[in-house]
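Undergrad: Here you go, input_16.pdb (PDB, C-alpha atoms, pLDDT in the B column):
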```pdb
MODEL        1
ATOM      1  CA  MET A1343      69.772   2.572  42.713  1.00 45.00           C
ATOM      2  CA  PHE A1344      71.849   0.005  40.867  1.00 47.00           C
ATOM      3  CA  TYR A1345      72.821  -3.627  41.048  1.00 48.00           C
ATOM      4  CA  LEU A1346      76.361  -4.911  41.057  1.00 50.00           C
ATOM      5  CA  VAL A1347      77.529  -8.506  41.034  1.00 50.00           C
ATOM      6  CA  VAL A1348      80.190  -8.754  43.722  1.00 49.00           C
ATOM      7  CA  TYR A1349      82.976 -11.343  43.634  1.00 46.00           C
ATOM      8  CA  MET A1350      85.041 -12.400  46.622  1.00 47.00           C
ATOM      9  CA  GLU A1351      88.822 -12.715  46.398  1.00 47.00           C
ATOM     10  CA  ASP A1352      88.549 -16.446  45.676  1.00 45.00           C
ATOM     11  CA  GLY A1353      86.481 -15.674  42.562  1.00 46.00           C
ATOM     12  CA  ASN A1354      83.162 -16.960  43.862  1.00 47.00           C
ATOM     13  CA  GLN A1355      80.174 -14.891  42.780  1.00 43.00           C
ATOM     14  CA  MET A1356      77.952 -13.617  45.576  1.00 50.00           C
ATOM     15  CA  ASN A1357      74.430 -12.247  45.454  1.00 56.00           C
ATOM     16  CA  LYS A1358      73.892  -9.051  43.497  1.00 78.00           C
ATOM     17  CA  LEU A1359      74.399  -6.069  45.747  1.00 92.00           C
ATOM     18  CA  ASN A1360      71.517  -3.610  45.525  1.00 95.00           C
ATOM     19  CA  VAL A1361      72.925  -0.184  46.465  1.00 96.00           C
ATOM     20  CA  LEU A1362      70.284   2.483  47.111  1.00 97.00           C
ATOM     21  CA  TYR A1363      72.618   5.303  48.132  1.00 97.00           C
ATOM     22  CA  GLU A1364      76.226   6.016  49.001  1.00 97.00           C
ATOM     23  CA  ASP A1365      78.502   8.924  49.852  1.00 97.00           C
ATOM     24  CA  ASN A1366      81.718   9.305  51.839  1.00 96.00           C
ATOM     25  CA  HIS A1367      79.920   8.742  55.149  1.00 97.00           C
ATOM     26  CA  VAL A1368      77.141   6.157  54.647  1.00 98.00           C
ATOM     27  CA  ILE A1369      76.055   3.429  52.272  1.00 98.00           C
ATOM     28  CA  VAL A1370      72.485   2.109  52.075  1.00 98.00           C
ATOM     29  CA  VAL A1371      71.864  -1.354  50.607  1.00 98.00           C
ATOM     30  CA  VAL A1372      69.187  -4.030  50.443  1.00 98.00           C
ATOM     31  CA  LYS A1373      70.075  -7.198  52.349  1.00 97.00           C
ATOM     32  CA  PRO A1374      68.752 -10.340  50.659  1.00 96.00           C
ATOM     33  CA  ALA A1375      66.829 -12.810  52.796  1.00 94.00           C
ATOM     34  CA  ASN A1376      68.893 -15.615  54.354  1.00 92.00           C
ATOM     35  CA  ILE A1377      72.116 -13.572  54.259  1.00 95.00           C
ATOM     36  CA  LEU A1378      73.819 -12.707  57.547  1.00 95.00           C
ATOM     37  CA  SER A1379      74.034  -9.058  58.568  1.00 95.00           C
ATOM     38  CA  GLN A1380      77.489  -9.710  60.007  1.00 91.00           C
ATOM     39  CA  GLY A1381      79.778 -12.727  59.842  1.00 81.00           C
ATOM     40  CA  ASP A1382      79.453 -15.366  62.559  1.00 81.00           C
ATOM     41  CA  SER A1383      80.812 -18.804  63.477  1.00 78.00           C
ATOM     42  CA  THR A1384      79.179 -20.418  60.430  1.00 83.00           C
ATOM     43  CA  GLY A1385      81.642 -18.699  58.127  1.00 79.00           C
ATOM     44  CA  ASP A1386      78.794 -17.934  55.718  1.00 88.00           C
ATOM     45  CA  ILE A1387      78.936 -14.782  53.626  1.00 92.00           C
ATOM     46  CA  SER A1388      77.336 -11.672  55.116  1.00 95.00           C
ATOM     47  CA  ILE A1389      75.974  -8.451  53.660  1.00 97.00           C
ATOM     48  CA  MET A1390      78.807  -6.688  55.505  1.00 96.00           C
ATOM     49  CA  ASP A1391      81.345  -8.794  53.581  1.00 95.00           C
ATOM     50  CA  MET A1392      79.609  -7.921  50.337  1.00 95.00           C
ATOM     51  CA  VAL A1393      79.584  -4.183  51.011  1.00 96.00           C
ATOM     52  CA  LYS A1394      83.236  -4.172  52.066  1.00 95.00           C
ATOM     53  CA  GLN A1395      84.239  -5.987  48.894  1.00 94.00           C
ATOM     54  CA  TYR A1396      82.151  -3.583  46.809  1.00 95.00           C
ATOM     55  CA  ILE A1397      83.858  -0.535  48.362  1.00 95.00           C
ATOM     56  CA  LYS A1398      87.288  -2.121  48.025  1.00 93.00           C
ATOM     57  CA  GLU A1399      86.811  -2.821  44.332  1.00 92.00           C
ATOM     58  CA  LYS A1400      84.992   0.375  43.351  1.00 91.00           C
ATOM     59  CA  TYR A1401      87.415   2.739  45.098  1.00 89.00           C
ATOM     60  CA  HIS A1402      90.544   0.569  44.700  1.00 88.00           C
ATOM     61  CA  LYS A1403      91.158   0.556  48.439  1.00 86.00           C
ATOM     62  CA  PRO A1404      94.127  -1.541  49.607  1.00 84.00           C
ATOM     63  CA  GLY A1405      93.982  -3.547  52.808  1.00 84.00           C
ATOM     64  CA  ASN A1406      91.006  -3.670  55.120  1.00 89.00           C
ATOM     65  CA  VAL A1407      87.970  -1.493  54.441  1.00 92.00           C
ATOM     66  CA  TYR A1408      86.306   0.261  57.370  1.00 95.00           C
ATOM     67  CA  LEU A1409      82.563  -0.377  57.618  1.00 97.00           C
ATOM     68  CA  GLY A1410      80.509   0.347  60.725  1.00 97.00           C
ATOM     69  CA  LEU A1411      77.585  -1.925  61.618  1.00 97.00           C
ATOM     70  CA  VAL A1412      74.939   0.215  63.354  1.00 97.00           C
ATOM     71  CA  HIS A1413      71.921  -2.128  63.203  1.00 96.00           C
ATOM     72  CA  ARG A1414      71.020  -5.647  62.109  1.00 94.00           C
ATOM     73  CA  LEU A1415      68.330  -7.648  60.369  1.00 95.00           C
ATOM     74  CA  ASP A1416      67.751 -11.273  61.336  1.00 91.00           C
ATOM     75  CA  ARG A1417      69.320 -13.688  58.873  1.00 93.00           C
ATOM     76  CA  PRO A1418      66.009 -14.855  57.339  1.00 92.00           C
ATOM     77  CA  VAL A1419      64.761 -11.260  56.957  1.00 95.00           C
ATOM     78  CA  GLY A1420      65.488  -9.138  53.900  1.00 96.00           C
ATOM     79  CA  GLY A1421      65.355  -5.379  53.583  1.00 97.00           C
ATOM     80  CA  ILE A1422      67.086  -2.019  53.766  1.00 98.00           C
ATOM     81  CA  MET A1423      70.197  -1.503  55.883  1.00 98.00           C
ATOM     82  CA  VAL A1424      72.543   1.442  56.384  1.00 98.00           C
ATOM     83  CA  PHE A1425      76.255   1.088  57.131  1.00 98.00           C
ATOM     84  CA  ALA A1426      78.702   3.755  58.253  1.00 98.00           C
ATOM     85  CA  ARG A1427      81.815   4.443  56.190  1.00 97.00           C
ATOM     86  CA  SER A1428      83.667   6.298  58.957  1.00 96.00           C
ATOM     87  CA  SER A1429      83.956   5.991  62.728  1.00 97.00           C
ATOM     88  CA  LYS A1430      82.380   9.437  63.196  1.00 97.00           C
ATOM     89  CA  ALA A1431      79.389   8.429  61.071  1.00 98.00           C
ATOM     90  CA  ALA A1432      79.091   5.137  62.981  1.00 98.00           C
ATOM     91  CA  SER A1433      78.994   6.922  66.330  1.00 98.00           C
ATOM     92  CA  ARG A1434      76.380   9.420  65.203  1.00 98.00           C
ATOM     93  CA  LEU A1435      74.194   6.814  63.505  1.00 98.00           C
ATOM     94  CA  THR A1436      74.335   4.652  66.623  1.00 97.00           C
ATOM     95  CA  ASN A1437      73.169   7.624  68.674  1.00 97.00           C
ATOM     96  CA  SER A1438      70.308   8.208  66.223  1.00 97.00           C
ATOM     97  CA  PHE A1439      69.134   4.623  66.704  1.00 95.00           C
ATOM     98  CA  GLN A1440      69.419   4.894  70.492  1.00 93.00           C
ATOM     99  CA  GLU A1441      67.512   8.184  70.510  1.00 94.00           C
ATOM    100  CA  HIS A1442      64.724   6.737  68.318  1.00 92.00           C
ATOM    101  CA  ARG A1443      65.359   9.179  65.477  1.00 95.00           C
ATOM    102  CA  VAL A1444      65.483   6.332  62.950  1.00 96.00           C
ATOM    103  CA  ILE A1445      62.220   5.121  61.402  1.00 96.00           C
ATOM    104  CA  LYS A1446      62.051   1.482  60.280  1.00 96.00           C
ATOM    105  CA  LYS A1447      58.994  -0.081  58.676  1.00 97.00           C
ATOM    106  CA  TYR A1448      58.379  -3.672  57.670  1.00 98.00           C
ATOM    107  CA  TYR A1449      55.933  -5.659  55.591  1.00 98.00           C
ATOM    108  CA  ALA A1450      54.848  -8.953  57.126  1.00 97.00           C
ATOM    109  CA  VAL A1451      52.273 -11.639  56.372  1.00 96.00           C
ATOM    110  CA  VAL A1452      50.694 -12.963  59.562  1.00 97.00           C
ATOM    111  CA  ARG A1453      48.292 -15.822  60.153  1.00 96.00           C
ATOM    112  CA  GLY A1454      44.648 -15.017  60.727  1.00 97.00           C
ATOM    113  CA  LYS A1455      42.690 -11.780  60.766  1.00 97.00           C
ATOM    114  CA  MET A1456      43.885  -9.048  63.099  1.00 96.00           C
ATOM    115  CA  GLU A1457      41.389  -7.890  65.700  1.00 93.00           C
ATOM    116  CA  SER A1458      41.760  -4.308  64.458  1.00 95.00           C
ATOM    117  CA  ASP A1459      42.979  -2.729  61.225  1.00 96.00           C
ATOM    118  CA  TYR A1460      45.274  -0.455  63.244  1.00 95.00           C
ATOM    119  CA  GLY A1461      46.968  -1.097  66.538  1.00 96.00           C
ATOM    120  CA  LYS A1462      49.885  -0.730  68.942  1.00 97.00           C
ATOM    121  CA  LEU A1463      51.470  -3.792  70.555  1.00 97.00           C
ATOM    122  CA  ILE A1464      53.260  -3.273  73.871  1.00 97.00           C
ATOM    123  CA  ASP A1465      55.111  -6.069  75.650  1.00 97.00           C
ATOM    124  CA  TYR A1466      58.236  -6.810  77.665  1.00 97.00           C
ATOM    125  CA  ILE A1467      60.654  -9.104  75.853  1.00 96.00           C
ATOM    126  CA  GLU A1468      63.550 -11.073  77.276  1.00 95.00           C
ATOM    127  CA  LYS A1469      66.155 -12.988  75.269  1.00 93.00           C
ATOM    128  CA  GLY A1470      66.622 -16.523  76.546  1.00 91.00           C
ATOM    129  CA  ASN A1471      69.791 -18.607  76.735  1.00 90.00           C
ATOM    130  CA  ASP A1472      68.491 -20.712  73.843  1.00 91.00           C
ATOM    131  CA  GLY A1473      68.645 -17.773  71.422  1.00 88.00           C
ATOM    132  CA  ASN A1474      64.872 -17.268  71.366  1.00 93.00           C
ATOM    133  CA  SER A1475      63.043 -14.303  72.868  1.00 95.00           C
ATOM    134  CA  TYR A1476      60.059 -14.479  75.185  1.00 95.00           C
ATOM    135  CA  ILE A1477      57.362 -12.250  76.637  1.00 95.00           C
ATOM    136  CA  SER A1478      58.518 -11.723  80.227  1.00 93.00           C
ATOM    137  CA  SER A1479      57.920  -9.289  83.049  1.00 91.00           C
ATOM    138  CA  ASN A1480      61.709  -9.200  83.415  1.00 92.00           C
ATOM    139  CA  GLY A1481      62.222  -8.150  79.794  1.00 94.00           C
ATOM    140  CA  LYS A1482      62.735  -4.799  78.086  1.00 95.00           C
ATOM    141  CA  LYS A1483      59.782  -2.782  76.824  1.00 96.00           C
ATOM    142  CA  ALA A1484      58.898  -3.522  73.196  1.00 96.00           C
ATOM    143  CA  ILE A1485      56.525  -1.319  71.183  1.00 96.00           C
ATOM    144  CA  LEU A1486      55.364  -1.501  67.594  1.00 97.00           C
ATOM    145  CA  ASN A1487      52.526  -0.031  65.549  1.00 98.00           C
ATOM    146  CA  TYR A1488      50.798  -1.914  62.755  1.00 98.00           C
ATOM    147  CA  GLU A1489      48.313  -1.309  59.958  1.00 98.00           C
ATOM    148  CA  VAL A1490      46.506  -4.055  58.066  1.00 98.00           C
ATOM    149  CA  ILE A1491      46.933  -3.535  54.329  1.00 97.00           C
ATOM    150  CA  LYS A1492      44.798  -6.462  53.224  1.00 96.00           C
ATOM    151  CA  TYR A1493      43.157  -9.574  54.652  1.00 97.00           C
ATOM    152  CA  TYR A1494      43.232 -12.659  52.391  1.00 96.00           C
ATOM    153  CA  SER A1495      40.182 -14.716  53.330  1.00 95.00           C
ATOM    154  CA  ASP A1496      41.113 -17.632  51.035  1.00 95.00           C
ATOM    155  CA  SER A1497      44.287 -18.313  53.016  1.00 93.00           C
ATOM    156  CA  ASP A1498      43.239 -16.635  56.301  1.00 96.00           C
ATOM    157  CA  CYS A1499      46.291 -14.378  56.341  1.00 96.00           C
ATOM    158  CA  SER A1500      46.859 -10.645  56.685  1.00 97.00           C
ATOM    159  CA  LEU A1501      49.417  -8.407  55.012  1.00 97.00           C
ATOM    160  CA  VAL A1502      50.480  -5.773  57.548  1.00 98.00           C
ATOM    161  CA  SER A1503      52.774  -2.759  57.644  1.00 98.00           C
ATOM    162  CA  ILE A1504      54.738  -2.439  60.891  1.00 98.00           C
ATOM    163  CA  GLU A1505      56.623   0.499  62.371  1.00 97.00           C
ATOM    164  CA  LEU A1506      58.981  -0.235  65.228  1.00 94.00           C
ATOM    165  CA  GLU A1507      59.301   2.121  68.172  1.00 93.00           C
ATOM    166  CA  THR A1508      61.882  -0.152  69.816  1.00 92.00           C
ATOM    167  CA  GLY A1509      64.325  -2.672  68.418  1.00 89.00           C
ATOM    168  CA  ARG A1510      64.232  -5.786  70.590  1.00 92.00           C
ATOM    169  CA  HIS A1511      65.586  -9.191  69.570  1.00 92.00           C
ATOM    170  CA  HIS A1512      63.025 -10.927  67.295  1.00 95.00           C
ATOM    171  CA  GLN A1513      60.507  -8.301  68.419  1.00 96.00           C
ATOM    172  CA  ILE A1514      58.048  -8.434  65.503  1.00 97.00           C
ATOM    173  CA  ARG A1515      58.055 -12.215  65.392  1.00 96.00           C
ATOM    174  CA  VAL A1516      57.536 -12.624  69.131  1.00 97.00           C
ATOM    175  CA  GLN A1517      54.844  -9.970  69.546  1.00 97.00           C
ATOM    176  CA  PHE A1518      52.647 -11.242  66.715  1.00 97.00           C
ATOM    177  CA  SER A1519      53.183 -14.909  67.575  1.00 97.00           C
ATOM    178  CA  SER A1520      52.200 -14.309  71.206  1.00 96.00           C
ATOM    179  CA  ARG A1521      48.798 -13.099  69.979  1.00 96.00           C
ATOM    180  CA  GLY A1522      48.174 -16.079  67.720  1.00 95.00           C
ATOM    181  CA  HIS A1523      49.278 -14.293  64.538  1.00 97.00           C
ATOM    182  CA  SER A1524      52.673 -15.831  63.803  1.00 96.00           C
ATOM    183  CA  LEU A1525      54.426 -14.793  60.606  1.00 96.00           C
ATOM    184  CA  LEU A1526      54.272 -17.119  57.635  1.00 95.00           C
ATOM    185  CA  GLY A1527      57.510 -19.055  57.282  1.00 93.00           C
ATOM    186  CA  ASP A1528      58.663 -18.290  60.832  1.00 93.00           C
ATOM    187  CA  GLN A1529      60.409 -21.495  61.870  1.00 89.00           C
ATOM    188  CA  ARG A1530      61.133 -20.297  65.413  1.00 91.00           C
ATOM    189  CA  TYR A1531      57.844 -18.817  66.562  1.00 94.00           C
ATOM    190  CA  GLY A1532      55.343 -20.113  64.028  1.00 91.00           C
ATOM    191  CA  ILE A1533      54.650 -23.202  61.953  1.00 84.00           C
ATOM    192  CA  PHE A1534      57.583 -25.053  60.380  1.00 74.00           C
ATOM    193  CA  ASP A1535      56.709 -25.021  56.678  1.00 77.00           C
ATOM    194  CA  HIS A1536      60.169 -25.001  55.032  1.00 72.00           C
ATOM    195  CA  THR A1537      59.691 -21.561  53.473  1.00 83.00           C
ATOM    196  CA  GLN A1538      61.330 -18.154  53.858  1.00 88.00           C
ATOM    197  CA  ILE A1539      59.813 -15.909  56.514  1.00 94.00           C
ATOM    198  CA  ALA A1540      57.388 -13.277  55.170  1.00 96.00           C
ATOM    199  CA  LEU A1541      59.101 -10.261  56.737  1.00 97.00           C
ATOM    200  CA  PHE A1542      60.846  -7.447  54.866  1.00 97.00           C
ATOM    201  CA  CYS A1543      62.182  -4.041  55.947  1.00 98.00           C
ATOM    202  CA  TYR A1544      60.810  -1.807  53.193  1.00 98.00           C
ATOM    203  CA  TYR A1545      61.330   1.676  54.708  1.00 98.00           C
ATOM    204  CA  LEU A1546      64.285   3.314  56.426  1.00 98.00           C
ATOM    205  CA  SER A1547      64.650   6.982  57.346  1.00 98.00           C
ATOM    206  CA  PHE A1548      67.438   8.538  59.399  1.00 98.00           C
ATOM    207  CA  PRO A1549      69.306  11.833  59.862  1.00 98.00           C
ATOM    208  CA  HIS A1550      72.505  11.946  57.833  1.00 98.00           C
ATOM    209  CA  PRO A1551      75.365  11.755  60.357  1.00 97.00           C
ATOM    210  CA  ILE A1552      77.149  14.781  58.877  1.00 97.00           C
ATOM    211  CA  THR A1553      74.606  17.021  57.105  1.00 97.00           C
ATOM    212  CA  LYS A1554      71.762  16.194  59.572  1.00 97.00           C
ATOM    213  CA  GLU A1555      69.359  16.062  56.599  1.00 97.00           C
ATOM    214  CA  TYR A1556      66.799  13.282  56.886  1.00 97.00           C
ATOM    215  CA  LEU A1557      67.256  10.587  54.241  1.00 98.00           C
ATOM    216  CA  LEU A1558      64.376   8.282  53.316  1.00 98.00           C
ATOM    217  CA  PHE A1559      64.562   5.007  51.386  1.00 98.00           C
ATOM    218  CA  THR A1560      61.905   2.508  50.323  1.00 97.00           C
ATOM    219  CA  GLU A1561      62.111  -0.832  48.546  1.00 97.00           C
ATOM    220  CA  ASP A1562      59.494  -3.422  47.571  1.00 96.00           C
ATOM    221  CA  PRO A1563      59.964  -7.044  48.636  1.00 95.00           C
ATOM    222  CA  PRO A1564      61.435  -9.270  45.915  1.00 93.00           C
ATOM    223  CA  TYR A1565      58.864 -11.034  43.770  1.00 92.00           C
ATOM    224  CA  GLU A1566      59.504 -14.468  45.223  1.00 90.00           C
ATOM    225  CA  GLY A1567      58.226 -16.788  47.945  1.00 87.00           C
ATOM    226  CA  TYR A1568      55.187 -15.469  49.787  1.00 90.00           C
ATOM    227  CA  TRP A1569      55.576 -12.094  48.096  1.00 93.00           C
ATOM    228  CA  THR A1570      54.294 -13.519  44.791  1.00 91.00           C
ATOM    229  CA  LYS A1571      50.860 -13.916  46.359  1.00 90.00           C
ATOM    230  CA  PHE A1572      50.705 -11.377  49.173  1.00 90.00           C
ATOM    231  CA  THR A1573      51.645  -8.346  47.086  1.00 80.00           C
ATOM    232  CA  VAL A1574      51.889  -4.804  48.355  1.00 72.00           C
TER     233      VAL A1574
ENDMDL
END
```
Give the structure from this file in structure tokens form.
TA:
Amino acid sequence: MFYLVVYMEDGNQMNKLNVLYEDNHVIVVVKPANILSQGDSTGDISIMDMVKQYIKEKYHKPGNVYLGLVHRLDRPVGGIMVFARSSKAASRLTNSFQEHRVIKKYYAVVRGKMESDYGKLIDYIEKGNDGNSYISSNGKKAILNYEVIKYYSDSDCSLVSIELETGRHHQIRVQFSSRGHSLLGDQRYGIFDHTQIALFCYYLSFPHPITKEYLLFTEDPPYEGYWTKFTV
């Protein structure tokens, strides 16, 4: 891996781009917390903007750079993302996500002590008109598996590893919050404490869209915020 400071065309320095892997078909990077996955109406910089600028500068590409968005992380959530560098790769990666051939794992710090050190959470989640998601009989099936890494009795919090079987909107946050174990720093579904949410995608594995070989990437959360105390 390596870090590269990326500058936009107006000369403003953006966050350092942490590139884990790249070839002619895919590029794997670490999205910092509080950076958009894709640009929106706010006009704020996104990890997609950063990767495009990186490719444009490194390979001296004129004009617009193609980059396919095949999955997202919520703005407050940091972690590993893969982008497609060709339309063929984008189509095949999208199919891999839809066919559940992509493995995504997260670290999270949740309030309280989990009832079991291992478990599977199954719910039906519906996205509301207000942008939040809710447990609803009319929703889509949402499944995740978790393992408690450590319980911190002094702060009554648990560090957990989570593997998603489905990818619903705000799934992890909603499923744990609904059971009284909201994530630390979750301003939507937990307690408003003016801190960054303790959720990080640390593991991503997927079949390469061209070679079909499975690629696997891991990354530790940055040593900041809650991660300075609740260490992996």
Undergrad: What's the separation between atom CA of Ser1500 of chain A and atom CA of Gly1420 of chain A, in Å to one decimal place?
TA: 18.9 Å
Undergrad: Just the number, please: distance in Å from atom CA of Gly1473 of chain A to atom CA of Arg1521 of chain A, one decimal.
TA: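 Computing the Euclidean distance for atom CA of Gly1473 of chain A and atom CA of Arg1521 of chain A yields 20.4 Å.
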Undergrad: Just the residues within 9 Å of Leu1435 of chain A, please, counting only C-alpha atoms, with nothing from its chain fewer than 6 positions along; format it as a short mmCIF file (atom, residue, chain, number, x, y, z; two decimals) with C-alpha atoms, in the coordinates of the input.
TA:
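Output file selection_24.cif is given in full below:
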```
data_model
loop_
_atom_site.label_atom_id
_atom_site.label_comp_id
_atom_site.auth_asym_id
_atom_site.auth_seq_id
_atom_site.Cartn_x
_atom_site.Cartn_y
_atom_site.Cartn_z
CA VAL A 1412 74.94 0.22 63.35
CA PHE A 1425 76.26 1.09 57.13
CA ALA A 1426 78.70 3.76 58.25
CA VAL A 1444 65.48 6.33 62.95
CA PHE A 1548 67.44 8.54 59.40
CA PRO A 1549 69.31 11.83 59.86
CA HIS A 1550 72.50 11.95 57.83
CA PRO A 1551 75.36 11.76 60.36
#
```
Undergrad: Could you name the residues that touch segment 1479-1489 of chain A at 12 Å or less, counting all atoms listed in the file, but leaving out those on the same chain fewer than 5 positions away, as a ChimeraX atom specification?
TA: /A:1442,1445-1452,1455-1470,1500-1518
Undergrad: Could you check the closest approach to Lys1394 of chain A for each of A:Ile1533, A:Val1407, A:Leu1525, A:Leu1415 and tell me which residue wins, using only C-alpha atoms?
TA: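 Of A:Ile1533, A:Val1407, A:Leu1525, A:Leu1415, the one nearest Lys1394 of chain A, counting only C-alpha atoms, is A:Val1407.
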Undergrad: With all atoms listed in the file as the atoms that count, which of A:Arg1443, A:Tyr1494, A:Ala1540, A:Trp1569 lies nearest to Glu1555 of chain A?
TA: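 With all atoms listed in the file as the atom set, the closest residue is A:Arg1443.
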Undergrad: With the input short on atoms, add N, CA and C atoms back to segment 1528-1547 of chain A and write it as a PDB file, in the coordinates of the input.
TA:
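Written file, selection32.pdb:
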```pdb
ATOM      1  N   ASP A1528      57.843 -18.495  59.640  1.00 93.00           N
ATOM      2  CA  ASP A1528      58.663 -18.290  60.832  1.00 93.00           C
ATOM      3  C   ASP A1528      58.900 -19.631  61.513  1.00 93.00           C
ATOM      4  N   GLN A1529      60.093 -20.166  61.361  1.00 89.00           N
ATOM      5  CA  GLN A1529      60.409 -21.495  61.870  1.00 89.00           C
ATOM      6  C   GLN A1529      60.641 -21.510  63.373  1.00 89.00           C
ATOM      7  N   ARG A1530      60.904 -20.358  63.971  1.00 91.00           N
ATOM      8  CA  ARG A1530      61.133 -20.297  65.413  1.00 91.00           C
ATOM      9  C   ARG A1530      59.847 -20.115  66.207  1.00 91.00           C
ATOM     10  N   TYR A1531      59.005 -19.208  65.757  1.00 94.00           N
ATOM     11  CA  TYR A1531      57.844 -18.817  66.562  1.00 94.00           C
ATOM     12  C   TYR A1531      56.511 -19.157  65.893  1.00 94.00           C
ATOM     13  N   GLY A1532      56.567 -19.801  64.746  1.00 91.00           N
ATOM     14  CA  GLY A1532      55.343 -20.113  64.028  1.00 91.00           C
ATOM     15  C   GLY A1532      55.258 -21.581  63.669  1.00 91.00           C
ATOM     16  N   ILE A1533      54.818 -21.835  62.446  1.00 84.00           N
ATOM     17  CA  ILE A1533      54.650 -23.202  61.953  1.00 84.00           C
ATOM     18  C   ILE A1533      55.790 -23.527  61.004  1.00 84.00           C
ATOM     19  N   PHE A1534      56.450 -24.655  61.217  1.00 74.00           N
ATOM     20  CA  PHE A1534      57.583 -25.053  60.380  1.00 74.00           C
ATOM     21  C   PHE A1534      57.059 -25.510  59.019  1.00 74.00           C
ATOM     22  N   ASP A1535      57.245 -24.670  57.998  1.00 77.00           N
ATOM     23  CA  ASP A1535      56.709 -25.021  56.678  1.00 77.00           C
ATOM     24  C   ASP A1535      57.777 -24.938  55.579  1.00 77.00           C
ATOM     25  N   HIS A1536      59.048 -24.923  55.976  1.00 72.00           N
ATOM     26  CA  HIS A1536      60.169 -25.001  55.032  1.00 72.00           C
ATOM     27  C   HIS A1536      60.163 -23.872  54.003  1.00 72.00           C
ATOM     28  N   THR A1537      59.698 -22.702  54.390  1.00 83.00           N
ATOM     29  CA  THR A1537      59.691 -21.561  53.473  1.00 83.00           C
ATOM     30  C   THR A1537      60.349 -20.361  54.146  1.00 83.00           C
ATOM     31  N   GLN A1538      60.695 -19.366  53.340  1.00 88.00           N
ATOM     32  CA  GLN A1538      61.330 -18.154  53.858  1.00 88.00           C
ATOM     33  C   GLN A1538      60.320 -17.298  54.606  1.00 88.00           C
ATOM     34  N   ILE A1539      60.716 -16.720  55.705  1.00 94.00           N
ATOM     35  CA  ILE A1539      59.813 -15.909  56.514  1.00 94.00           C
ATOM     36  C   ILE A1539      59.294 -14.706  55.718  1.00 94.00           C
ATOM     37  N   ALA A1540      58.026 -14.387  55.884  1.00 96.00           N
ATOM     38  CA  ALA A1540      57.388 -13.277  55.170  1.00 96.00           C
ATOM     39  C   ALA A1540      57.550 -11.995  55.981  1.00 96.00           C
ATOM     40  N   LEU A1541      58.785 -11.481  56.009  1.00 97.00           N
ATOM     41  CA  LEU A1541      59.101 -10.261  56.737  1.00 97.00           C
ATOM     42  C   LEU A1541      60.185  -9.513  55.971  1.00 97.00           C
ATOM     43  N   PHE A1542      59.933  -8.227  55.703  1.00 97.00           N
ATOM     44  CA  PHE A1542      60.846  -7.447  54.866  1.00 97.00           C
ATOM     45  C   PHE A1542      60.861  -6.002  55.332  1.00 97.00           C
ATOM     46  N   CYS A1543      62.049  -5.445  55.554  1.00 98.00           N
ATOM     47  CA  CYS A1543      62.182  -4.041  55.947  1.00 98.00           C
ATOM     48  C   CYS A1543      62.149  -3.185  54.684  1.00 98.00           C
ATOM     49  N   TYR A1544      61.018  -2.516  54.453  1.00 98.00           N
ATOM     50  CA  TYR A1544      60.810  -1.807  53.193  1.00 98.00           C
ATOM     51  C   TYR A1544      61.044  -0.298  53.297  1.00 98.00           C
ATOM     52  N   TYR A1545      61.262   0.228  54.508  1.00 98.00           N
ATOM     53  CA  TYR A1545      61.330   1.676  54.708  1.00 98.00           C
ATOM     54  C   TYR A1545      62.383   1.970  55.770  1.00 98.00           C
ATOM     55  N   LEU A1546      63.286   2.888  55.455  1.00 98.00           N
ATOM     56  CA  LEU A1546      64.285   3.314  56.426  1.00 98.00           C
ATOM     57  C   LEU A1546      64.536   4.803  56.264  1.00 98.00           C
ATOM     58  N   SER A1547      64.405   5.539  57.354  1.00 98.00           N
ATOM     59  CA  SER A1547      64.650   6.982  57.346  1.00 98.00           C
ATOM     60  C   SER A1547      65.521   7.330  58.549  1.00 98.00           C
TER      61      SER A1547
END
```
